[in-house]
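Peer 1: So I've got this file, target.cif, and it contains mmCIF, C-alpha atoms and all ligand atoms:
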```cif
data_data
loop_
_atom_site.group_PDB
_atom_site.id
_atom_site.type_symbol
_atom_site.label_atom_id
_atom_site.label_comp_id
_atom_site.auth_asym_id
_atom_site.auth_seq_id
_atom_site.Cartn_x
_atom_site.Cartn_y
_atom_site.Cartn_z
ATOM 1 C CA MET A 181 0.922 -20.996 -7.851
ATOM 2 C CA LYS A 182 -0.656 -18.270 -5.761
ATOM 3 C CA LYS A 183 -2.235 -15.362 -7.600
ATOM 4 C CA ILE A 184 -2.705 -11.707 -6.667
ATOM 5 C CA VAL A 185 -4.607 -9.159 -8.722
ATOM 6 C CA THR A 186 -3.388 -5.648 -8.095
ATOM 7 C CA ILE A 187 -5.394 -2.660 -9.179
ATOM 8 C CA GLN A 188 -3.662 0.687 -9.398
ATOM 9 C CA ASP A 189 -2.267 3.150 -11.940
ATOM 10 C CA ILE A 190 0.705 2.643 -14.176
ATOM 11 C CA SER A 191 3.078 5.582 -14.013
ATOM 12 C CA CYS A 192 5.279 5.070 -17.059
ATOM 13 C CA TYR A 193 8.301 6.688 -15.420
ATOM 14 C CA GLY A 194 8.972 6.958 -11.686
ATOM 15 C CA LYS A 195 9.024 3.979 -9.398
ATOM 16 C CA CYS A 196 5.606 3.439 -7.865
ATOM 17 C CA SER A 197 2.315 1.592 -8.185
ATOM 18 C CA LEU A 198 2.339 -1.106 -10.892
ATOM 19 C CA THR A 199 5.990 -0.739 -11.906
ATOM 20 C CA VAL A 200 6.804 -1.605 -8.292
ATOM 21 C CA ALA A 201 4.055 -4.133 -7.518
ATOM 22 C CA LEU A 202 4.576 -6.301 -10.597
ATOM 23 C CA PRO A 203 8.285 -7.070 -10.202
ATOM 24 C CA ILE A 204 8.059 -7.528 -6.439
ATOM 25 C CA ILE A 205 5.086 -9.897 -6.540
ATOM 26 C CA SER A 206 6.605 -11.895 -9.414
ATOM 27 C CA ALA A 207 9.950 -12.147 -7.625
ATOM 28 C CA MET A 208 8.129 -13.639 -4.649
ATOM 29 C CA ASP A 209 7.007 -16.536 -6.807
ATOM 30 C CA VAL A 210 3.427 -15.302 -6.944
ATOM 31 C CA GLU A 211 1.522 -14.622 -10.146
ATOM 32 C CA ALA A 212 0.555 -10.966 -10.586
ATOM 33 C CA ALA A 213 -2.539 -10.046 -12.579
ATOM 34 C CA ILE A 214 -3.304 -6.358 -12.960
ATOM 35 C CA ILE A 215 -6.002 -3.876 -13.744
ATOM 36 C CA PRO A 216 -4.361 -0.567 -14.640
ATOM 37 C CA THR A 217 -6.665 2.227 -13.507
ATOM 38 C CA ALA A 218 -4.878 5.044 -15.327
ATOM 39 C CA VAL A 219 -1.788 5.693 -17.414
ATOM 40 C CA LEU A 220 0.404 8.607 -16.351
ATOM 41 C CA SER A 221 3.581 9.808 -18.022
ATOM 42 C CA THR A 222 5.240 9.931 -14.580
ATOM 43 C CA HIS A 223 4.085 9.778 -10.973
ATOM 44 C CA THR A 224 2.545 12.949 -9.620
ATOM 45 C CA MET A 225 5.702 14.229 -7.907
ATOM 46 C CA PHE A 226 6.814 15.415 -11.351
ATOM 47 C CA SER A 227 5.108 18.507 -12.688
ATOM 48 C CA ARG A 228 3.083 18.495 -15.953
ATOM 49 C CA PHE A 229 2.422 14.734 -15.874
ATOM 50 C CA THR A 230 -0.125 13.357 -18.335
ATOM 51 C CA PHE A 231 -3.081 11.338 -17.028
ATOM 52 C CA LYS A 232 -5.377 9.055 -18.998
ATOM 53 C CA ASP A 233 -8.181 7.652 -16.923
ATOM 54 C CA LEU A 234 -8.998 3.974 -17.588
ATOM 55 C CA SER A 235 -12.040 3.696 -15.312
ATOM 56 C CA ASP A 236 -14.216 2.677 -18.236
ATOM 57 C CA GLN A 237 -12.105 -0.467 -18.666
ATOM 58 C CA ILE A 238 -12.557 -1.780 -15.125
ATOM 59 C CA GLU A 239 -16.068 -3.173 -15.512
ATOM 60 C CA PRO A 240 -15.517 -4.844 -18.923
ATOM 61 C CA ILE A 241 -12.317 -6.484 -17.645
ATOM 62 C CA SER A 242 -14.083 -7.683 -14.546
ATOM 63 C CA GLU A 243 -17.079 -8.976 -16.577
ATOM 64 C CA HIS A 244 -14.733 -10.929 -18.845
ATOM 65 C CA TRP A 245 -12.938 -12.385 -15.820
ATOM 66 C CA LYS A 246 -16.260 -13.437 -14.304
ATOM 67 C CA GLU A 247 -17.165 -15.255 -17.534
ATOM 68 C CA GLU A 248 -13.772 -16.978 -17.395
ATOM 69 C CA GLY A 249 -14.383 -17.952 -13.764
ATOM 70 C CA LEU A 250 -11.074 -16.445 -12.636
ATOM 71 C CA LYS A 251 -10.162 -16.639 -8.962
ATOM 72 C CA PHE A 252 -7.467 -14.894 -6.956
ATOM 73 C CA ASP A 253 -5.820 -15.455 -3.593
ATOM 74 C CA ALA A 254 -5.692 -11.725 -2.922
ATOM 75 C CA LEU A 255 -7.175 -8.509 -4.287
ATOM 76 C CA TYR A 256 -4.782 -5.624 -3.682
ATOM 77 C CA THR A 257 -5.732 -2.028 -4.455
ATOM 78 C CA GLY A 258 -3.273 0.871 -4.391
ATOM 79 C CA TYR A 259 -3.390 4.423 -5.743
ATOM 80 C CA LEU A 260 -6.855 5.118 -7.168
ATOM 81 C CA GLY A 261 -7.609 8.264 -9.131
ATOM 82 C CA SER A 262 -11.289 9.078 -8.567
ATOM 83 C CA PHE A 263 -14.404 8.560 -6.446
ATOM 84 C CA GLU A 264 -15.763 6.393 -9.257
ATOM 85 C CA GLN A 265 -12.730 4.087 -9.119
ATOM 86 C CA ILE A 266 -13.175 3.653 -5.387
ATOM 87 C CA ASP A 267 -16.796 2.579 -5.977
ATOM 88 C CA LEU A 268 -15.738 0.234 -8.784
ATOM 89 C CA MET A 269 -13.330 -1.439 -6.357
ATOM 90 C CA LYS A 270 -16.215 -2.132 -3.976
ATOM 91 C CA ASP A 271 -18.034 -3.927 -6.817
ATOM 92 C CA PHE A 272 -14.827 -5.787 -7.656
ATOM 93 C CA PHE A 273 -14.500 -6.912 -4.025
ATOM 94 C CA SER A 274 -18.101 -8.212 -4.110
ATOM 95 C CA ASP A 275 -17.462 -10.087 -7.354
ATOM 96 C CA PHE A 276 -14.040 -11.601 -6.575
ATOM 97 C CA GLY A 277 -13.593 -11.263 -2.821
ATOM 98 C CA LYS A 278 -15.460 -14.233 -1.450
ATOM 99 C CA ASP A 279 -12.422 -16.460 -0.935
ATOM 100 C CA ALA A 280 -9.738 -13.838 -1.484
ATOM 101 C CA LEU A 281 -7.860 -11.609 0.914
ATOM 102 C CA LYS A 282 -9.025 -8.024 0.329
ATOM 103 C CA PHE A 283 -6.066 -5.692 0.878
ATOM 104 C CA VAL A 284 -6.355 -1.915 0.547
ATOM 105 C CA ASP A 285 -3.379 0.421 0.533
ATOM 106 C CA PRO A 286 -5.133 3.805 0.555
ATOM 107 C CA ALA A 287 -2.182 5.472 -1.205
ATOM 108 C CA MET A 288 -3.049 9.177 -1.010
ATOM 109 C CA GLY A 289 -0.319 11.096 0.747
ATOM 110 C CA ASP A 290 2.669 11.303 3.073
ATOM 111 C CA ASN A 291 4.406 13.620 5.526
ATOM 112 C CA GLY A 292 1.144 15.206 6.652
ATOM 113 C CA LYS A 293 0.017 16.120 3.131
ATOM 114 C CA LEU A 294 -2.197 14.523 0.508
ATOM 115 C CA TYR A 295 -0.740 14.028 -2.986
ATOM 116 C CA PRO A 296 -1.613 16.866 -5.416
ATOM 117 C CA ALA A 297 -4.611 15.081 -6.972
ATOM 118 C CA PHE A 298 -6.518 14.551 -3.685
ATOM 119 C CA ASP A 299 -8.521 16.390 -1.048
ATOM 120 C CA GLU A 300 -10.209 15.566 2.268
ATOM 121 C CA ALA A 301 -13.440 14.433 0.612
ATOM 122 C CA PHE A 302 -11.465 11.902 -1.420
ATOM 123 C CA ALA A 303 -9.808 10.576 1.742
ATOM 124 C CA LYS A 304 -13.211 10.173 3.408
ATOM 125 C CA HIS A 305 -14.421 8.248 0.375
ATOM 126 C CA MET A 306 -11.339 6.014 0.454
ATOM 127 C CA ALA A 307 -12.347 5.187 4.034
ATOM 128 C CA THR A 308 -15.530 3.597 2.638
ATOM 129 C CA LEU A 309 -13.388 1.188 0.597
ATOM 130 C CA CYS A 310 -11.187 0.469 3.626
ATOM 131 C CA ALA A 311 -14.416 -0.546 5.384
ATOM 132 C CA LYS A 312 -14.706 -3.491 2.994
ATOM 133 C CA ALA A 313 -11.133 -4.742 3.369
ATOM 134 C CA ASP A 314 -9.608 -7.523 5.426
ATOM 135 C CA ILE A 315 -6.349 -5.601 5.795
ATOM 136 C CA ILE A 316 -5.552 -1.930 5.254
ATOM 137 C CA ASP A 317 -2.119 -0.322 5.577
ATOM 138 C CA PRO A 318 -2.293 3.454 5.547
ATOM 139 C CA ASN A 319 0.578 5.603 6.723
ATOM 140 C CA LEU A 320 -0.106 8.106 9.487
ATOM 141 C CA THR A 321 -0.988 10.864 7.002
ATOM 142 C CA GLU A 322 -3.542 8.756 5.152
ATOM 143 C CA ALA A 323 -5.038 7.456 8.390
ATOM 144 C CA CYS A 324 -5.459 10.968 9.803
ATOM 145 C CA PHE A 325 -7.141 12.270 6.641
ATOM 146 C CA MET A 326 -9.491 9.274 6.511
ATOM 147 C CA LEU A 327 -10.431 9.668 10.173
ATOM 148 C CA GLY A 328 -10.395 13.459 10.343
ATOM 149 C CA THR A 329 -7.851 13.165 13.191
ATOM 150 C CA GLU A 330 -5.045 15.620 13.870
ATOM 151 C CA TYR A 331 -1.767 14.593 12.175
ATOM 152 C CA LYS A 332 1.252 14.631 14.437
ATOM 153 C CA GLU A 333 4.909 14.642 13.426
ATOM 154 C CA ASP A 334 7.360 12.007 14.685
ATOM 155 C CA GLY A 335 8.329 12.850 18.241
ATOM 156 C CA GLU A 336 4.977 14.531 18.946
ATOM 157 C CA TYR A 337 2.952 11.378 19.553
ATOM 158 C CA ASP A 338 3.047 8.305 21.754
ATOM 159 C CA GLU A 339 1.887 4.701 21.626
ATOM 160 C CA ALA A 340 -1.573 5.597 22.946
ATOM 161 C CA TYR A 341 -2.133 7.963 19.984
ATOM 162 C CA VAL A 342 -1.190 5.194 17.519
ATOM 163 C CA LYS A 343 -3.372 2.594 19.266
ATOM 164 C CA ASP A 344 -6.326 4.976 19.233
ATOM 165 C CA ILE A 345 -5.888 5.528 15.475
ATOM 166 C CA LEU A 346 -5.626 1.767 14.874
ATOM 167 C CA ILE A 347 -8.864 1.081 16.741
ATOM 168 C CA LYS A 348 -10.634 3.879 14.844
ATOM 169 C CA LEU A 349 -9.349 2.465 11.546
ATOM 170 C CA THR A 350 -10.806 -0.960 12.300
ATOM 171 C CA ASP A 351 -14.016 0.744 13.476
ATOM 172 C CA LEU A 352 -14.341 1.874 9.852
ATOM 173 C CA GLY A 353 -14.904 -1.824 9.063
ATOM 174 C CA ALA A 354 -11.537 -3.359 8.132
ATOM 175 C CA LYS A 355 -10.645 -6.439 10.188
ATOM 176 C CA THR A 356 -6.972 -5.551 10.548
ATOM 177 C CA ALA A 357 -5.265 -2.178 10.282
ATOM 178 C CA ILE A 358 -1.521 -1.727 9.917
ATOM 179 C CA LEU A 359 -0.151 1.759 10.351
ATOM 180 C CA THR A 360 3.135 2.314 8.537
ATOM 181 C CA GLY A 361 5.826 4.897 9.199
ATOM 182 C CA VAL A 362 5.331 4.813 12.978
ATOM 183 C CA SER A 363 8.177 6.182 15.061
ATOM 184 C CA LEU A 364 7.989 5.984 18.856
ATOM 185 C CA GLU A 365 11.745 6.280 19.438
ATOM 186 C CA SER A 366 13.947 8.735 17.562
ATOM 187 C CA ASP A 367 16.117 6.032 15.960
ATOM 188 C CA LYS A 368 13.378 3.499 15.138
ATOM 189 C CA LEU A 369 10.695 3.367 12.455
ATOM 190 C CA GLY A 370 8.221 0.637 11.710
ATOM 191 C CA ALA A 371 4.642 -0.505 11.616
ATOM 192 C CA MET A 372 2.029 -1.081 14.290
ATOM 193 C CA GLY A 373 -1.073 -3.151 13.696
ATOM 194 C CA TYR A 374 -4.348 -4.106 15.299
ATOM 195 C CA ASP A 375 -6.379 -7.245 14.718
ATOM 196 C CA SER A 376 -9.925 -6.258 15.714
ATOM 197 C CA GLU A 377 -11.156 -9.859 15.874
ATOM 198 C CA LYS A 378 -8.452 -11.042 18.271
ATOM 199 C CA LYS A 379 -8.266 -7.571 19.861
ATOM 200 C CA GLU A 380 -4.473 -7.791 19.576
ATOM 201 C CA PHE A 381 -1.923 -5.083 18.871
ATOM 202 C CA PHE A 382 1.410 -5.900 17.294
ATOM 203 C CA SER A 383 4.402 -3.997 15.997
ATOM 204 C CA TYR A 384 7.707 -4.302 14.229
ATOM 205 C CA PHE A 385 10.410 -1.649 14.273
ATOM 206 C CA ASN A 386 13.634 -1.358 12.328
ATOM 207 C CA GLN A 387 16.275 1.346 12.077
ATOM 208 C CA LYS A 388 15.063 4.822 11.131
ATOM 209 C CA ILE A 389 16.814 6.326 8.145
ATOM 210 C CA PRO A 390 16.707 10.101 8.383
ATOM 211 C CA ALA A 391 15.314 10.787 4.904
ATOM 212 C CA LYS A 392 11.865 10.369 3.389
ATOM 213 C CA TYR A 393 11.736 8.464 0.143
ATOM 214 C CA HIS A 394 8.840 8.341 -2.272
ATOM 215 C CA GLY A 395 7.213 5.053 -3.278
ATOM 216 C CA THR A 396 8.185 3.158 -0.138
ATOM 217 C CA GLY A 397 4.512 2.540 0.686
ATOM 218 C CA ASP A 398 4.086 0.635 -2.573
ATOM 219 C CA VAL A 399 7.257 -1.372 -1.920
ATOM 220 C CA PHE A 400 6.034 -2.274 1.576
ATOM 221 C CA SER A 401 2.470 -3.166 0.507
ATOM 222 C CA SER A 402 3.545 -5.293 -2.457
ATOM 223 C CA ALA A 403 5.980 -7.307 -0.331
ATOM 224 C CA LEU A 404 3.430 -7.594 2.480
ATOM 225 C CA VAL A 405 0.630 -8.976 0.289
ATOM 226 C CA GLY A 406 3.136 -11.281 -1.412
ATOM 227 C CA ALA A 407 4.385 -12.667 1.905
ATOM 228 C CA ILE A 408 0.852 -13.180 3.244
ATOM 229 C CA VAL A 409 -0.196 -15.036 0.097
ATOM 230 C CA ARG A 410 2.966 -17.144 0.403
ATOM 231 C CA GLY A 411 1.568 -18.312 3.742
ATOM 232 C CA LYS A 412 3.560 -16.231 6.201
ATOM 233 C CA PRO A 413 1.726 -15.313 9.424
ATOM 234 C CA LEU A 414 0.850 -11.615 9.398
ATOM 235 C CA GLN A 415 3.478 -10.478 11.889
ATOM 236 C CA GLU A 416 6.214 -12.324 10.023
ATOM 237 C CA ALA A 417 4.953 -10.876 6.744
ATOM 238 C CA ILE A 418 5.168 -7.373 8.221
ATOM 239 C CA LYS A 419 8.773 -8.013 9.261
ATOM 240 C CA ILE A 420 9.672 -9.274 5.772
ATOM 241 C CA ALA A 421 8.029 -6.248 4.107
ATOM 242 C CA ALA A 422 9.573 -3.747 6.530
ATOM 243 C CA ASP A 423 13.077 -5.256 6.235
ATOM 244 C CA PHE A 424 12.774 -5.165 2.426
ATOM 245 C CA THR A 425 11.686 -1.527 2.512
ATOM 246 C CA VAL A 426 14.628 -0.579 4.742
ATOM 247 C CA GLN A 427 17.051 -2.464 2.481
ATOM 248 C CA SER A 428 15.601 -0.661 -0.542
ATOM 249 C CA ILE A 429 16.124 2.701 1.132
ATOM 250 C CA LEU A 430 19.678 1.839 2.242
ATOM 251 C CA LEU A 431 20.529 0.880 -1.323
ATOM 252 C CA THR A 432 19.152 4.207 -2.548
ATOM 253 C CA GLU A 433 21.210 6.334 -0.203
ATOM 254 C CA LYS A 434 24.181 6.280 -2.597
ATOM 255 C CA ASP A 435 21.804 7.619 -5.183
ATOM 256 C CA ALA A 436 19.901 9.954 -2.948
ATOM 257 C CA GLU A 437 19.788 13.239 -4.790
ATOM 258 C CA LYS A 438 16.138 12.675 -5.717
ATOM 259 C CA PRO A 439 14.261 11.214 -2.717
ATOM 260 C CA TRP A 440 10.957 12.190 -4.344
ATOM 261 C CA TYR A 441 11.708 9.846 -7.265
ATOM 262 C CA GLY A 442 11.662 6.350 -5.750
ATOM 263 C CA VAL A 443 13.836 3.679 -4.146
ATOM 264 C CA ASN A 444 16.189 1.051 -5.596
ATOM 265 C CA PHE A 445 13.973 -1.832 -4.517
ATOM 266 C CA GLU A 446 15.309 -3.892 -7.449
ATOM 267 C CA GLN A 447 18.688 -4.258 -5.729
ATOM 268 C CA ALA A 448 17.014 -5.433 -2.502
ATOM 269 C CA ILE A 449 15.044 -8.248 -4.152
ATOM 270 C CA PRO A 450 17.718 -10.904 -3.386
ATOM 271 C CA SER A 451 17.470 -10.090 0.337
ATOM 272 C CA LEU A 452 13.659 -10.259 0.127
ATOM 273 C CA ILE A 453 13.738 -13.720 -1.432
ATOM 274 C CA LYS A 454 16.276 -14.883 1.130
ATOM 275 C CA GLU A 455 14.135 -13.760 4.078
ATOM 276 C CA LEU A 456 10.994 -15.165 2.457
ATOM 277 C CA ASP A 457 12.597 -18.599 2.061
ATOM 278 C CA GLU A 458 14.090 -18.743 5.566
HETATM 279 O O1 LIG B 1 3.159 5.695 -4.562
HETATM 280 C C1 LIG B 1 1.946 6.184 -4.680
HETATM 281 C C2 LIG B 1 1.627 6.757 -6.038
HETATM 282 C C3 LIG B 1 1.038 5.957 -6.966
HETATM 283 N N1 LIG B 1 0.683 6.420 -8.187
HETATM 284 C C4 LIG B 1 0.888 7.704 -8.510
HETATM 285 C C5 LIG B 1 1.494 8.565 -7.623
HETATM 286 C C6 LIG B 1 1.868 8.089 -6.352
HETATM 287 C C7 LIG B 1 2.479 8.984 -5.410
HETATM 288 O O2 LIG B 1 2.762 10.107 -5.644
HETATM 289 O O3 LIG B 1 1.716 9.833 -7.968
HETATM 290 C C8 LIG B 1 0.447 8.206 -9.847
#
```
If you convert what's in this file into structure tokens, what do you get?

Peer 2:
Amino acid sequence: MKKIVTIQDISCYGKCSLTVALPIISAMDVEAAIIPTAVLSTHTMFSRFTFKDLSDQIEPISEHWKEEGLKFDALYTGYLGSFEQIDLMKDFFSDFGKDALKFVDPAMGDNGKLYPAFDEAFAKHMATLCAKADIIDPNLTEACFMLGTEYKEDGEYDEAYVKDILIKLTDLGAKTAILTGVSLESDKLGAMGYDSEKKEFFSYFNQKIPAKYHGTGDVFSSALVGAIVRGKPLQEAIKIAADFTVQSILLTEKDAEKPWYGVNFEQAIPSLIKELDE
């Protein structure tokens, strides 16, 4: 059985990070190991959330795993809470990354804004972790903050702007960059990627749903890493992850009074498994 270790916070209420990654990866017939980096009462879109940092557990867990000789097919990092955690992930990549896919979702913001806990210096530091990854999948907001590039709203940019960002992202050091939430036509939304070794661009677009839902980045990344580990070629894996994300959003529309809460990805899992097994 394939095995992914995912390292991100656990928000006890609110659908994101580990409460999303665990069920999705497991449903894809892949074992999910975790290192929780922090415990929050809710995700940070709620006000007055509690936050208990678990950074001091990362090294002891990793030391124990080294003694046990544990190996993973992929290392997948998501939301990280501090500069220190970013540096700990670099050590973790050195210790466990030799034969594993190193996947970084620099979860830090959306819609042109960073999440409340972050600033530009944090984004620049996240870029130093992206440098060590095989694949990164920022959205446009995260990419612009990491690169110090001007953020543009949908409709204000063209393909050349996206390609330029993708090249700059791989110039940071990651082999492949996938930019999520790209919209080049008013009724289409999807992902564009760049493989810096093959010097190849690729893209996949699906229908654009005119509402922004929270937590979709975690849904997309979890399904993407799962599909890659299950042996799907990258472009097929992107299609599977994007279709699953769209399905999750469509199934949330009936329930859409709180777009900042999360999406009903649970109800889209059957369609994910179906597409994965096709
Ligand atoms: O989905 C990203 C995410 C992960 N973890 C926490 C968050 C968010 C987004 O707001 O607040 C704690």

Peer 1: When distances are computed from only C-alpha atoms, which of A:Glu300, A:Glu446, A:Glu377, A:Glu333 shows the smallest separation from A:Thr425?

Peer 2: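 Once distances to A:Thr425 are computed over only C-alpha atoms, the minimum belongs to A:Glu446.
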
Peer 1: Between A:Gly353, A:Pro390, A:Pro318, A:Gly397, which is the closest to A:Phe424 once you count only C-alpha atoms?

Peer 2: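 Closest to A:Phe424, using only C-alpha atoms: A:Gly397.
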
Peer 1: Write out as JSON lines a residue-level contact list of chain A versus ligand LIG 1 (chain B) with cut-off 6 Å: for each qualifying residue the closest pair of atoms and the distance in Å to one decimal, counting only C-alpha atoms and all ligand atoms, rows sorted by chain and residue number upward.

Peer 2:
```
{"residue": "A:Asp189", "atom": "CA", "partner": "B:LIG1", "partner_atom": "N1", "distance": 5.8}
{"residue": "A:Ser191", "atom": "CA", "partner": "B:LIG1", "partner_atom": "C8", "distance": 5.6}
{"residue": "A:Cys196", "atom": "CA", "partner": "B:LIG1", "partner_atom": "O1", "distance": 4.7}
{"residue": "A:Ser197", "atom": "CA", "partner": "B:LIG1", "partner_atom": "C3", "distance": 4.7}
{"residue": "A:His223", "atom": "CA", "partner": "B:LIG1", "partner_atom": "O3", "distance": 3.8}
{"residue": "A:Thr224", "atom": "CA", "partner": "B:LIG1", "partner_atom": "O3", "distance": 3.6}
{"residue": "A:Met225", "atom": "CA", "partner": "B:LIG1", "partner_atom": "O2", "distance": 5.5}
{"residue": "A:Tyr259", "atom": "CA", "partner": "B:LIG1", "partner_atom": "C3", "distance": 4.8}
{"residue": "A:Ala287", "atom": "CA", "partner": "B:LIG1", "partner_atom": "C1", "distance": 5.4}
{"residue": "A:Tyr295", "atom": "CA", "partner": "B:LIG1", "partner_atom": "O2", "distance": 5.9}
{"residue": "A:Gly395", "atom": "CA", "partner": "B:LIG1", "partner_atom": "O1", "distance": 4.3}
{"residue": "A:Asp398", "atom": "CA", "partner": "B:LIG1", "partner_atom": "O1", "distance": 5.5}
```

Peer 1: Find, counting only C-alpha atoms, the residue in A:Phe229, A:Tyr393, A:Phe445, A:Tyr384 that gets nearest to A:Ala297.

Peer 2: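 Looking at the shortest contact to A:Ala297, the residue is A:Phe229.
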
Peer 1: How close does stretch 326-411 of chain A get to stretch 208-216 of chain A? List, as JSON lines, each residue of stretch 326-411 of chain A within 12 Å, its nearest atom pair and the distance in Å to one decimal, counting only C-alpha atoms.

Peer 2:
```
{"residue": "A:Ser402", "atom": "CA", "partner": "A:Met208", "partner_atom": "CA", "distance": 9.8}
{"residue": "A:Ala403", "atom": "CA", "partner": "A:Met208", "partner_atom": "CA", "distance": 8.0}
{"residue": "A:Leu404", "atom": "CA", "partner": "A:Met208", "partner_atom": "CA", "distance": 10.5}
{"residue": "A:Val405", "atom": "CA", "partner": "A:Val210", "partner_atom": "CA", "distance": 10.0}
{"residue": "A:Gly406", "atom": "CA", "partner": "A:Met208", "partner_atom": "CA", "distance": 6.4}
{"residue": "A:Ala407", "atom": "CA", "partner": "A:Met208", "partner_atom": "CA", "distance": 7.6}
{"residue": "A:Ile408", "atom": "CA", "partner": "A:Val210", "partner_atom": "CA", "distance": 10.7}
{"residue": "A:Val409", "atom": "CA", "partner": "A:Val210", "partner_atom": "CA", "distance": 7.9}
{"residue": "A:Arg410", "atom": "CA", "partner": "A:Val210", "partner_atom": "CA", "distance": 7.6}
{"residue": "A:Gly411", "atom": "CA", "partner": "A:Val210", "partner_atom": "CA", "distance": 11.3}
```

Peer 1: I'd like the residues picked by the PyMOL selection byres (((chain A and resi 250) around 12) and not hetatm) written out as a list in words, using the chain letters and numbers from the file.

Peer 2: Lys183, Ile184, Val185, Ala213, Ile241, Ser242, Glu243, His244, Trp245, Lys246, Glu247, Glu248, Gly249, Lys251, Phe252, Asp253, Asp275, Phe276, Gly277, Asp279 and Ala280 of chain A

Peer 1: Report the distance between atom CA of A:Glu336 and atom CA of A:Ser366 in Å, rounded to one decimal place.

Peer 2: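 About the pair atom CA of A:Glu336 and atom CA of A:Ser366: they are 10.8 Å apart.
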
Peer 1: Care to translate the PyMOL selection byres (((chain A and resi 235) around 9) and not hetatm) into actual residues of this file, as a list in words?

Peer 2: Pro216, Thr217, Ala218, Asp233, Leu234, Asp236, Gln237, Ile238, Glu239, Gly261, Ser262, Glu264, Gln265 and Leu268 of chain A

Peer 1: For A:Thr432, list every protein, DNA or RNA residue within 10 Å, evaluated using only C-alpha atoms, and leave out those in the same chain fewer than 6 positions away; present the list as a list in words.

Peer 2: Tyr393, Val426, Lys438, Pro439, Gly442, Val443, Asn444, Phe445, Gln447 and Ala448 of chain A

Peer 1: Looking at all atoms listed in the file, which of A:Ser274, A:Asn319, A:Ser376, A:Ser383 is the one that sits closest to A:Pro286?

Peer 2: A:Asn319

Peer 1: Mind giving me the straight-line distance from atom CA of A:Asp423 to atom CA of A:Asn386 in Å, one decimal?

Peer 2: 7.3 Å

Peer 1: Starting from the structure just given, write a file holding stretch 253-296 of chain A with C-alpha atoms, as an mmCIF file, in the first residue's frame.

Peer 2:
```
data_model
loop_
_atom_site.group_PDB
_atom_site.id
_atom_site.type_symbol
_atom_site.label_atom_id
_atom_site.label_comp_id
_atom_site.auth_asym_id
_atom_site.auth_seq_id
_atom_site.Cartn_x
_atom_site.Cartn_y
_atom_site.Cartn_z
ATOM 1 C CA ASP A 253 6.028 7.547 -0.993
ATOM 2 C CA ALA A 254 5.247 11.232 -0.552
ATOM 3 C CA LEU A 255 5.834 14.010 1.967
ATOM 4 C CA TYR A 256 3.021 16.552 1.764
ATOM 5 C CA THR A 257 3.100 19.800 3.732
ATOM 6 C CA GLY A 258 0.142 22.170 4.027
ATOM 7 C CA TYR A 259 -0.660 25.067 6.355
ATOM 8 C CA LEU A 260 2.347 25.760 8.591
ATOM 9 C CA GLY A 261 2.154 28.172 11.500
ATOM 10 C CA SER A 262 5.635 29.655 11.955
ATOM 11 C CA PHE A 263 9.066 30.316 10.450
ATOM 12 C CA GLU A 264 10.410 27.577 12.715
ATOM 13 C CA GLN A 265 7.960 25.023 11.298
ATOM 14 C CA ILE A 266 9.023 25.895 7.773
ATOM 15 C CA ASP A 267 12.661 25.229 8.741
ATOM 16 C CA LEU A 268 11.701 21.972 10.463
ATOM 17 C CA MET A 269 10.061 20.845 7.218
ATOM 18 C CA LYS A 270 13.343 21.393 5.372
ATOM 19 C CA ASP A 271 15.054 19.059 7.868
ATOM 20 C CA PHE A 272 12.202 16.579 7.458
ATOM 21 C CA PHE A 273 12.642 16.660 3.669
ATOM 22 C CA SER A 274 16.381 15.945 4.095
ATOM 23 C CA ASP A 275 15.668 13.045 6.448
ATOM 24 C CA PHE A 276 12.775 11.383 4.584
ATOM 25 C CA GLY A 277 12.820 12.853 1.085
ATOM 26 C CA LYS A 278 15.429 10.796 -0.691
ATOM 27 C CA ASP A 279 13.013 8.438 -2.438
ATOM 28 C CA ALA A 280 9.802 10.317 -1.698
ATOM 29 C CA LEU A 281 7.882 12.904 -3.665
ATOM 30 C CA LYS A 282 8.200 16.234 -1.830
ATOM 31 C CA PHE A 283 4.943 18.158 -2.258
ATOM 32 C CA VAL A 284 4.410 21.622 -0.782
ATOM 33 C CA ASP A 285 1.054 23.364 -0.685
ATOM 34 C CA PRO A 286 2.070 26.791 0.641
ATOM 35 C CA ALA A 287 -1.381 27.344 2.179
ATOM 36 C CA MET A 288 -1.263 30.997 3.258
ATOM 37 C CA GLY A 289 -4.039 32.961 1.627
ATOM 38 C CA ASP A 290 -6.635 33.472 -1.089
ATOM 39 C CA ASN A 291 -8.429 36.180 -3.052
ATOM 40 C CA GLY A 292 -5.427 38.506 -2.980
ATOM 41 C CA LYS A 293 -5.033 38.380 0.805
ATOM 42 C CA LEU A 294 -2.949 36.360 3.235
ATOM 43 C CA TYR A 295 -4.768 34.549 6.061
ATOM 44 C CA PRO A 296 -4.852 36.539 9.341
#
```
